[in-house]
$ cat protein20.txt   # compact mmCIF, C-alpha atoms
# COMPACT_ATOMS: atom_id res chain seq x y z
CA MET A 1 -14.96 7.49 6.03
CA SER A 2 -16.71 7.97 2.68
CA LYS A 3 -16.11 11.72 2.82
CA GLN A 4 -12.47 11.36 3.91
CA LEU A 5 -11.79 8.78 1.21
CA LYS A 6 -13.30 11.03 -1.46
CA GLU A 7 -11.14 13.97 -0.35
CA LEU A 8 -8.00 11.81 -0.42
CA VAL A 9 -8.71 10.32 -3.85
CA ASP A 10 -9.63 13.73 -5.31
CA ARG A 11 -6.39 15.20 -3.97
CA ALA A 12 -4.28 12.34 -5.31
CA ASP A 13 -5.96 12.56 -8.71
CA ARG A 14 -5.38 16.33 -9.01
CA ASP A 15 -1.83 16.52 -7.68
CA PRO A 16 0.79 15.51 -10.29
CA ASP A 17 3.30 14.91 -7.49
CA ILE A 18 1.15 12.21 -5.86
CA ARG A 19 1.90 9.14 -7.93
CA ALA A 20 0.60 6.31 -5.74
CA VAL A 21 -1.54 5.63 -2.67
CA VAL A 22 -1.25 2.53 -0.48
CA PHE A 23 -4.13 1.58 1.80
CA THR A 24 -3.66 -0.71 4.78
CA GLY A 25 -5.45 -1.46 8.04
CA THR A 26 -4.57 -0.29 11.52
CA HIS A 27 -6.08 -3.40 13.12
CA PRO A 28 -3.36 -6.07 13.39
CA ASP A 29 -5.44 -8.68 11.54
CA ARG A 30 -7.93 -6.68 9.47
CA PHE A 31 -7.65 -4.57 6.35
CA LEU A 32 -11.25 -3.34 6.54
CA SER A 33 -13.97 -5.50 8.01
CA HIS A 34 -17.32 -4.32 6.62
CA SER A 35 -19.76 -1.43 6.73
CA ASP A 36 -21.14 -0.22 10.03
CA VAL A 37 -24.22 -2.45 10.34
CA ARG A 38 -25.99 0.19 12.45
CA TRP A 39 -25.55 2.63 9.54
CA LEU A 40 -26.96 0.10 7.08
CA GLN A 41 -29.88 -0.82 9.33
CA LYS A 42 -30.82 2.78 10.00
CA GLY A 43 -30.54 3.66 6.33
CA GLY A 44 -33.10 1.00 5.45
CA THR A 45 -35.85 2.19 7.81
CA GLY A 46 -38.57 4.78 7.42
CA PHE A 47 -39.29 4.16 3.74
CA PRO A 48 -42.34 2.52 2.14
CA PRO A 49 -41.69 -0.84 0.40
CA ILE A 50 -40.24 -0.37 -3.09
CA ASN A 51 -39.35 -2.60 -6.01
CA THR A 52 -36.03 -2.78 -7.83
CA ARG A 53 -37.11 -0.42 -10.62
CA VAL A 54 -38.06 2.31 -8.16
CA ALA A 55 -34.87 1.69 -6.18
CA GLN A 56 -32.75 2.09 -9.30
CA LEU A 57 -34.53 5.36 -10.06
CA ALA A 58 -33.73 6.48 -6.51
CA THR A 59 -30.04 5.65 -6.94
CA ARG A 60 -29.88 7.63 -10.19
CA THR A 61 -31.56 10.54 -8.42
CA GLY A 62 -29.02 10.25 -5.61
CA ARG A 63 -26.19 10.49 -8.12
CA LEU A 64 -27.66 13.69 -9.57
CA ILE A 65 -28.13 15.16 -6.09
CA ASN A 66 -24.53 14.39 -5.15
CA ARG A 67 -23.33 16.48 -8.11
CA VAL A 68 -24.94 19.66 -6.74
CA PRO A 69 -23.25 20.68 -3.44
CA VAL A 70 -26.10 22.81 -2.07
CA VAL A 71 -28.75 20.21 -2.83
CA ARG A 72 -26.46 17.46 -1.50
CA THR A 73 -26.08 19.28 1.81
CA LEU A 74 -29.82 19.73 2.22
CA ALA A 75 -30.65 16.18 1.16
CA GLY A 76 -27.98 14.90 3.53
CA MET A 77 -30.11 16.08 6.41
CA THR A 78 -32.95 13.79 5.37
CA ARG A 79 -33.47 10.04 5.20
CA LEU A 80 -31.65 10.10 1.86
CA ARG A 81 -28.34 10.46 3.69
CA THR A 82 -27.38 6.77 3.52
CA LEU A 83 -28.25 6.62 -0.18
CA LEU A 84 -26.06 9.65 -0.89
CA GLN A 85 -23.18 8.25 1.14
CA LEU A 86 -23.32 4.93 -0.72
CA ASP A 87 -23.39 6.75 -4.05
CA GLY A 88 -20.35 8.69 -2.83
CA PHE A 89 -18.50 5.40 -2.34
CA HIS A 90 -19.37 4.37 -5.89
CA ALA A 91 -18.16 7.69 -7.32
CA THR A 92 -14.91 7.49 -5.37
CA PHE A 93 -14.21 3.90 -6.40
CA LEU A 94 -14.86 4.82 -10.04
CA LYS A 95 -12.43 7.73 -9.78
CA MET A 96 -9.79 5.38 -8.34
CA GLN A 97 -10.21 3.19 -11.42
CA SER A 98 -9.91 6.10 -13.85
CA SER A 99 -7.17 8.09 -12.12
CA GLY A 100 -3.53 8.15 -13.16
CA THR A 101 -2.65 7.56 -9.52
CA ILE A 102 -1.79 3.97 -8.65
CA PHE A 103 -3.90 2.61 -5.78
CA VAL A 104 -2.66 -0.45 -3.90
CA ALA A 105 -4.52 -2.44 -1.24
CA ALA A 106 -2.01 -3.73 1.31
CA LEU A 107 -4.24 -6.39 2.83
CA ASN A 108 -2.60 -6.84 6.20
CA GLY A 109 -5.53 -8.98 7.30
CA SER A 110 -9.10 -9.87 6.48
CA ALA A 111 -11.41 -7.84 4.25
CA LEU A 112 -15.14 -8.50 4.09
CA ALA A 113 -18.00 -6.86 2.19
CA VAL A 114 -17.13 -3.18 1.61
CA GLY A 115 -13.56 -3.96 2.69
CA THR A 116 -13.34 -6.32 -0.26
CA GLU A 117 -15.11 -3.82 -2.51
CA MET A 118 -12.57 -1.14 -1.66
CA ALA A 119 -9.73 -3.56 -2.41
CA LEU A 120 -11.34 -4.49 -5.74
CA ALA A 121 -11.40 -0.81 -6.71
CA CYS A 122 -7.61 -0.67 -6.28
CA ASP A 123 -5.19 -1.45 -9.09
CA LEU A 124 -3.21 -4.00 -7.12
CA ARG A 125 -3.96 -6.20 -4.11
CA ILE A 126 -1.22 -7.72 -1.98
CA MET A 127 -2.49 -9.97 0.81
CA ALA A 128 -0.98 -11.31 4.00
CA ASP A 129 -0.63 -15.06 4.28
CA GLY A 130 -2.19 -16.69 7.30
CA GLU A 131 -5.64 -17.06 8.84
CA HIS A 132 -7.14 -14.19 6.84
CA VAL A 133 -9.97 -14.05 4.32
CA ILE A 134 -11.34 -11.77 1.63
CA GLY A 135 -14.83 -11.91 0.19
CA LEU A 136 -18.39 -10.68 -0.11
CA THR A 137 -20.49 -11.86 2.81
CA GLU A 138 -23.58 -9.63 2.48
CA VAL A 139 -25.97 -12.54 1.81
CA LEU A 140 -25.45 -13.72 5.40
CA LEU A 141 -27.28 -10.54 6.53
CA ALA A 142 -29.94 -11.02 3.84
CA LEU A 143 -28.31 -8.23 1.83
CA THR A 144 -26.53 -8.04 -1.51
CA PRO A 145 -23.23 -6.31 -2.32
CA GLY A 146 -23.83 -2.56 -2.49
CA GLY A 147 -20.39 -1.10 -3.08
CA GLY A 148 -19.66 -2.60 -6.48
CA GLY A 149 -18.67 -6.11 -5.47
CA SER A 150 -21.19 -7.92 -7.66
CA GLN A 151 -19.83 -6.02 -10.68
CA ARG A 152 -16.08 -5.92 -10.07
CA LEU A 153 -15.53 -9.46 -8.79
CA PRO A 154 -17.04 -11.17 -11.91
CA ARG A 155 -14.94 -8.91 -14.13
CA LEU A 156 -11.87 -9.99 -12.19
CA ILE A 157 -12.34 -13.75 -11.77
CA GLY A 158 -15.23 -14.69 -14.05
CA ARG A 159 -18.99 -14.80 -13.65
CA GLN A 160 -19.48 -18.33 -12.32
CA GLN A 161 -16.75 -18.26 -9.68
CA ALA A 162 -17.99 -14.88 -8.46
CA LEU A 163 -21.63 -16.00 -8.47
CA LEU A 164 -21.01 -19.08 -6.35
CA SER A 165 -18.87 -17.15 -3.90
CA ILE A 166 -21.40 -14.33 -3.43
CA LEU A 167 -24.37 -16.74 -3.25
CA GLU A 168 -22.69 -18.71 -0.48
CA GLY A 169 -21.21 -15.74 1.34
CA ARG A 170 -17.99 -17.65 1.92
CA PRO A 171 -14.80 -15.59 1.61
CA PHE A 172 -11.55 -16.78 0.04
CA THR A 173 -8.42 -17.80 1.90
CA PRO A 174 -5.18 -16.13 0.73
CA ALA A 175 -4.27 -19.20 -1.34
CA GLU A 176 -7.72 -19.33 -2.96
CA ALA A 177 -7.71 -15.59 -3.63
CA LEU A 178 -4.32 -15.82 -5.31
CA SER A 179 -5.28 -18.84 -7.38
CA LEU A 180 -8.46 -17.18 -8.66
CA GLY A 181 -6.87 -13.78 -9.24
CA VAL A 182 -8.72 -11.89 -6.51
CA VAL A 183 -5.32 -10.77 -5.21
CA ASP A 184 -2.05 -10.36 -7.09
CA GLU A 185 0.41 -11.53 -4.46
CA VAL A 186 0.41 -13.29 -1.09
CA VAL A 187 3.35 -12.55 1.20
CA PRO A 188 4.13 -12.98 4.91
CA GLN A 189 2.11 -10.53 6.99
CA GLU A 190 5.15 -8.57 8.14
CA GLN A 191 6.12 -7.94 4.50
CA VAL A 192 2.73 -6.76 3.17
CA LEU A 193 3.19 -3.03 3.59
CA ALA A 194 6.81 -2.95 2.38
CA ARG A 195 5.98 -5.05 -0.68
CA SER A 196 2.94 -2.90 -1.46
CA ILE A 197 4.99 0.28 -1.27
CA GLU A 198 7.67 -1.29 -3.45
CA ARG A 199 5.14 -2.22 -6.15
CA ALA A 200 3.42 1.16 -5.90
CA GLU A 201 6.71 3.03 -6.33
CA TYR A 202 7.68 0.86 -9.31
CA LEU A 203 4.43 1.36 -11.21
CA SER A 204 4.18 5.04 -10.34
CA LEU A 205 7.44 5.81 -12.16
CA ARG A 206 5.48 5.63 -15.40
CA SER A 207 3.68 8.61 -16.93
CA LYS A 208 0.75 9.46 -14.66
CA LYS A 209 -1.43 10.59 -17.55
CA SER A 210 -0.64 7.44 -19.51
CA LEU A 211 -1.47 5.31 -16.49
CA GLY A 212 -4.86 7.00 -16.24
CA ALA A 213 -5.54 6.46 -19.95
CA ILE A 214 -4.60 2.79 -19.68
CA LYS A 215 -6.78 2.27 -16.60
CA ARG A 216 -9.78 3.91 -18.25
CA SER A 217 -9.33 1.91 -21.46
CA ILE A 218 -9.21 -1.39 -19.59
CA ASN A 219 -11.62 -0.71 -16.71
CA PHE A 220 -14.30 0.96 -18.80
CA GLY A 221 -13.52 0.44 -22.48
CA SER A 222 -13.11 -3.33 -22.25
CA THR A 223 -16.68 -3.77 -20.97
CA LEU A 224 -18.12 -2.16 -24.11
CA SER A 225 -18.72 -3.86 -27.44
CA LEU A 226 -15.51 -4.44 -29.39
CA GLU A 227 -16.28 -1.61 -31.80
CA ASP A 228 -17.11 0.86 -29.02
CA GLY A 229 -14.16 -0.32 -26.97
CA LEU A 230 -11.80 0.29 -29.87
CA GLN A 231 -13.16 3.80 -30.29
CA PHE A 232 -12.73 4.40 -26.55
CA GLU A 233 -9.12 3.22 -26.75
CA HIS A 234 -8.47 5.26 -29.88
CA GLY A 235 -9.61 8.43 -28.14
CA GLU A 236 -7.29 7.86 -25.19
CA PHE A 237 -4.42 7.05 -27.57
CA LEU A 238 -4.85 10.20 -29.65
CA VAL A 239 -4.72 12.43 -26.57
CA ARG A 240 -1.50 10.79 -25.37
CA ASP A 241 0.05 10.77 -28.87
CA GLN A 242 -0.28 14.56 -29.04
CA SER A 243 1.07 15.17 -25.53
CA LYS A 244 4.35 16.99 -25.04
CA GLU A 245 5.57 14.17 -22.82
CA ALA A 246 5.03 11.43 -25.41
CA GLN A 247 6.32 13.57 -28.28
CA GLY A 248 9.56 14.21 -26.40
CA ARG A 249 10.14 10.53 -25.72
CA MET A 250 9.33 9.50 -29.28
CA LEU A 251 11.70 12.11 -30.75
CA ALA A 252 14.47 10.84 -28.45
CA TYR A 253 13.70 7.27 -29.53
CA ILE A 254 13.92 8.24 -33.19
CA ALA A 255 17.21 10.09 -32.61
CA THR A 256 18.73 7.08 -30.84
CA THR A 257 17.57 4.76 -33.59
CA ASP A 258 19.09 7.01 -36.25
CA ALA A 259 22.36 7.31 -34.33
CA THR A 260 22.83 3.62 -33.49
CA GLY A 261 20.95 1.86 -36.26
CA GLU A 262 19.15 -0.18 -33.61
CA LEU A 263 15.68 0.04 -32.03
CA PRO A 264 16.20 0.82 -28.31
CA LEU A 265 13.33 -1.42 -27.20
CA MET A 266 14.98 -4.36 -29.00
CA ASP A 267 18.11 -3.84 -26.91
CA ARG A 268 17.77 -5.94 -23.75
CA GLU A 269 19.80 -3.62 -21.55
CA ALA A 270 18.04 -0.49 -22.79
CA TYR A 271 14.69 -2.20 -22.29
CA ALA A 272 15.61 -3.21 -18.75
CA ARG A 273 16.67 0.37 -17.96
CA ALA A 274 13.36 1.67 -19.34
CA LEU A 275 11.35 -0.72 -17.15
CA ALA A 276 13.32 0.24 -14.06
CA ALA A 277 13.03 3.98 -14.79
CA GLY A 278 9.38 3.84 -15.82
CA GLY A 279 10.03 4.95 -19.37
CA LEU A 280 12.52 5.73 -22.07
CA PRO A 281 14.48 9.00 -21.85
CA SER A 282 13.03 12.17 -23.33
CA LYS A 283 14.72 14.48 -25.80
$ encode --input "protein20.txt" --output "C-alpha cells"
Amino acid sequence: MSKQLKELVDRADRDPDIRAVVFTGTHPDRFLSHSDVRWLQKGGTGFPPINTRVAQLATRTGRLINRVPVVRTLAGMTRLRTLLQLDGFHATFLKMQSSGTIFVAALNGSALAVGTEMALACDLRIMADGEHVIGLTEVLLALTPGGGGSQRLPRLIGRQQALLSILEGRPFTPAEALSLGVVDEVVPQEQVLARSIERAEYLSLRSKKSLGAIKRSINFGSTLSLEDGLQFEHGEFLVRDQSKEAQGRMLAYIATTDATGELPLMDREAYARALAAGGLPSK
C-alpha cells in the first residue's frame, strides 16, 4: 500500500488537472484499521537491541537510502525493508501536506493507528456518525505511533489532549473528534463520500499552486519561530506574486476598481461569486 499511495500522491502532485483526491474505505464500517501487525512484528526482529539515539540515526539513514533508487532496491531486500517502507509513508504524508492537491479523508468508518495517521495527513476529514472511532491505539501493543501521529495530532488539537489520548490508547467517538477538532465534519454514514467530494470540488476550484503555498506555509512554516515562519511565508508569497496567474487576476481587479470606483471584494455579490468560482476573474 505504501508504494501504491506514493505513486498516487506523486501523480496527483505533478498533474495540474488533478485538483483533489478523496480517500475512503471499502469495508462498510472501516476507513483504514491499522498496519499489518505481522509486518510490524517481522520488521522488529533480527536486530540487536538499540537505544533511541541509534534508532534515530537509522531512520535518517533510511531516508537517505530511499532517495537513491538503486540503493533503495538493494536495501529493500534486507532487514531494512520495514524501515524503508515506514520512511516511505512519512515522505508521502509530507508530500500530501505540501502539495497543491486537496486531500480529503472520507471516514466512512473507524480509523485506528496508521489509519488515523493517514487521515491526519489529509487537509480535511469528514467522518461518519455512528459506532465508529478514530485514534492512536499503538500503546495497547506496547508500541508508539510511527506514522506521524504523535506529531500531527498535538498540532491539531493541542499537546495535552493528544498526550492523554495517546497514553491511554483510547480513540475518539465522532462527537468527541468533532468537538476537539480531529475531524472537520460529522455526517450520516451514507452521506460521507458525497459530502467529501463536494468539499473537495469546492476547495479545488482555487489556484492549485496557491493552495500548495498556503499548505506549506501553515503546515511547515507555522511550526518555526515567528521570525523564521515569516520568512518562510514571505518566500511563498513572492513566488505567487510574480506568477502569471496572480498577475492576471490582480490586473483585472485593478481594471474593475478603476471602472466602477468600488473594490470588488467589498461587493457582497462579487465576493460570493469569487468564493463559488474559486477566485476572481482574470484579465
$ residues_around --input "protein20.txt" --residues "Gln191 in chain A" --least-positions-apart "6" --cutoff "12 Å" --atoms "all atoms listed in the file" --output "PyMOL selection string"
chain A and resi 106-108+126-129+185+197-198
$ atom_distance --input "protein20.txt" --atom1 "CA of Ala175 in chain A" --atom2 "CA of Pro188 in chain A"
12.2 Å
$ closest_residue --input "protein20.txt" --among "A:Leu180, A:Ala142, A:Ser217, A:Gly229" --to "Gly158 in chain A" --atoms "all atoms listed in the file"
A:Leu180
$ closest_residue --input "protein20.txt" --among "A:Thr92, A:Thr101, A:Thr173, A:Thr256" --to "Arg19 in chain A" --atoms "all atoms listed in the file"
A:Thr101
$ residues_around --input "protein20.txt" --residues "Gly135 in chain A" --least-positions-apart "4" --cutoff "6 Å" --atoms "only C-alpha atoms" --output "list in words"
Leu112, Thr116, Pro171 and Phe172 of chain A
$ closest_residue --input "protein20.txt" --among "A:Ala91, A:Ile214, A:Ile157, A:Leu193" --to "Ala105 in chain A" --atoms "all atoms listed in the file"
A:Leu193
$ closest_residue --input "protein20.txt" --among "A:Leu136, A:Leu120, A:Ala194, A:Val186" --to "Ala162 in chain A" --atoms "all atoms listed in the file"
A:Leu136
$ atom_distance --input "protein20.txt" --atom1 "CA of Asp13 in chain A" --atom2 "CA of Glu201 in chain A"
16.0 Å
$ atom_distance --input "protein20.txt" --atom1 "CA of Val182 in chain A" --atom2 "CA of Leu5 in chain A"
22.3 Å
$ residues_near_point --input "protein20.txt" --point "(-15.0, 8.3, -11.1)" --cutoff "12 Å" --atoms "all atoms listed in the file" --output "list in words"
Lys6, Val9, Asp10, Asp13, Arg63, Asp87, Gly88, Phe89, His90, Ala91, Thr92, Phe93, Leu94, Lys95, Met96, Gln97, Ser98, Ser99, Gly100, Ala121, Gly212, Lys215, Arg216, Asn219 and Phe220 of chain A
$ residues_around --input "protein20.txt" --residues "Ser33 in chain A" --least-positions-apart "4" --cutoff "9 Å" --atoms "all atoms listed in the file" --output "ChimeraX atom specification"
/A:110-116
$ closest_residue --input "protein20.txt" --among "A:Leu226, A:Leu205, A:Leu8, A:Leu140" --to "Leu280 in chain A" --atoms "all atoms listed in the file"
A:Leu205
$ build_atoms --input "protein20.txt" --residues "range 104-116 of chain A" --atoms "N, CA and C atoms" --output "short mmCIF file (atom, residue, chain, number, x, y, z; two decimals), keeping the file's coordinate frame"
data_model
loop_
_atom_site.label_atom_id
_atom_site.label_comp_id
_atom_site.auth_asym_id
_atom_site.auth_seq_id
_atom_site.Cartn_x
_atom_site.Cartn_y
_atom_site.Cartn_z
N VAL A 104 -3.03 0.91 -4.30
CA VAL A 104 -2.66 -0.45 -3.90
C VAL A 104 -3.33 -0.78 -2.56
N ALA A 105 -3.96 -1.95 -2.50
CA ALA A 105 -4.52 -2.44 -1.24
C ALA A 105 -3.50 -3.36 -0.59
N ALA A 106 -2.93 -2.90 0.53
CA ALA A 106 -2.01 -3.73 1.31
C ALA A 106 -2.85 -4.45 2.36
N LEU A 107 -3.30 -5.64 2.00
CA LEU A 107 -4.24 -6.39 2.83
C LEU A 107 -3.49 -7.08 3.96
N ASN A 108 -3.32 -6.33 5.04
CA ASN A 108 -2.60 -6.84 6.20
C ASN A 108 -3.39 -7.88 6.97
N GLY A 109 -4.67 -8.02 6.63
CA GLY A 109 -5.53 -8.98 7.30
C GLY A 109 -6.80 -9.17 6.49
N SER A 110 -7.87 -9.55 7.16
CA SER A 110 -9.10 -9.87 6.48
C SER A 110 -9.83 -8.65 5.94
N ALA A 111 -10.56 -8.87 4.85
CA ALA A 111 -11.41 -7.84 4.25
C ALA A 111 -12.73 -8.49 3.87
N LEU A 112 -13.82 -7.96 4.39
CA LEU A 112 -15.14 -8.50 4.09
C LEU A 112 -16.03 -7.39 3.54
N ALA A 113 -16.98 -7.78 2.70
CA ALA A 113 -18.00 -6.86 2.19
C ALA A 113 -17.36 -5.59 1.61
N VAL A 114 -17.67 -4.42 2.19
CA VAL A 114 -17.13 -3.18 1.61
C VAL A 114 -15.61 -3.13 1.71
N GLY A 115 -15.02 -3.87 2.64
CA GLY A 115 -13.56 -3.96 2.69
C GLY A 115 -13.02 -4.62 1.44
N THR A 116 -13.70 -5.67 1.00
CA THR A 116 -13.34 -6.32 -0.26
C THR A 116 -13.61 -5.40 -1.44
#
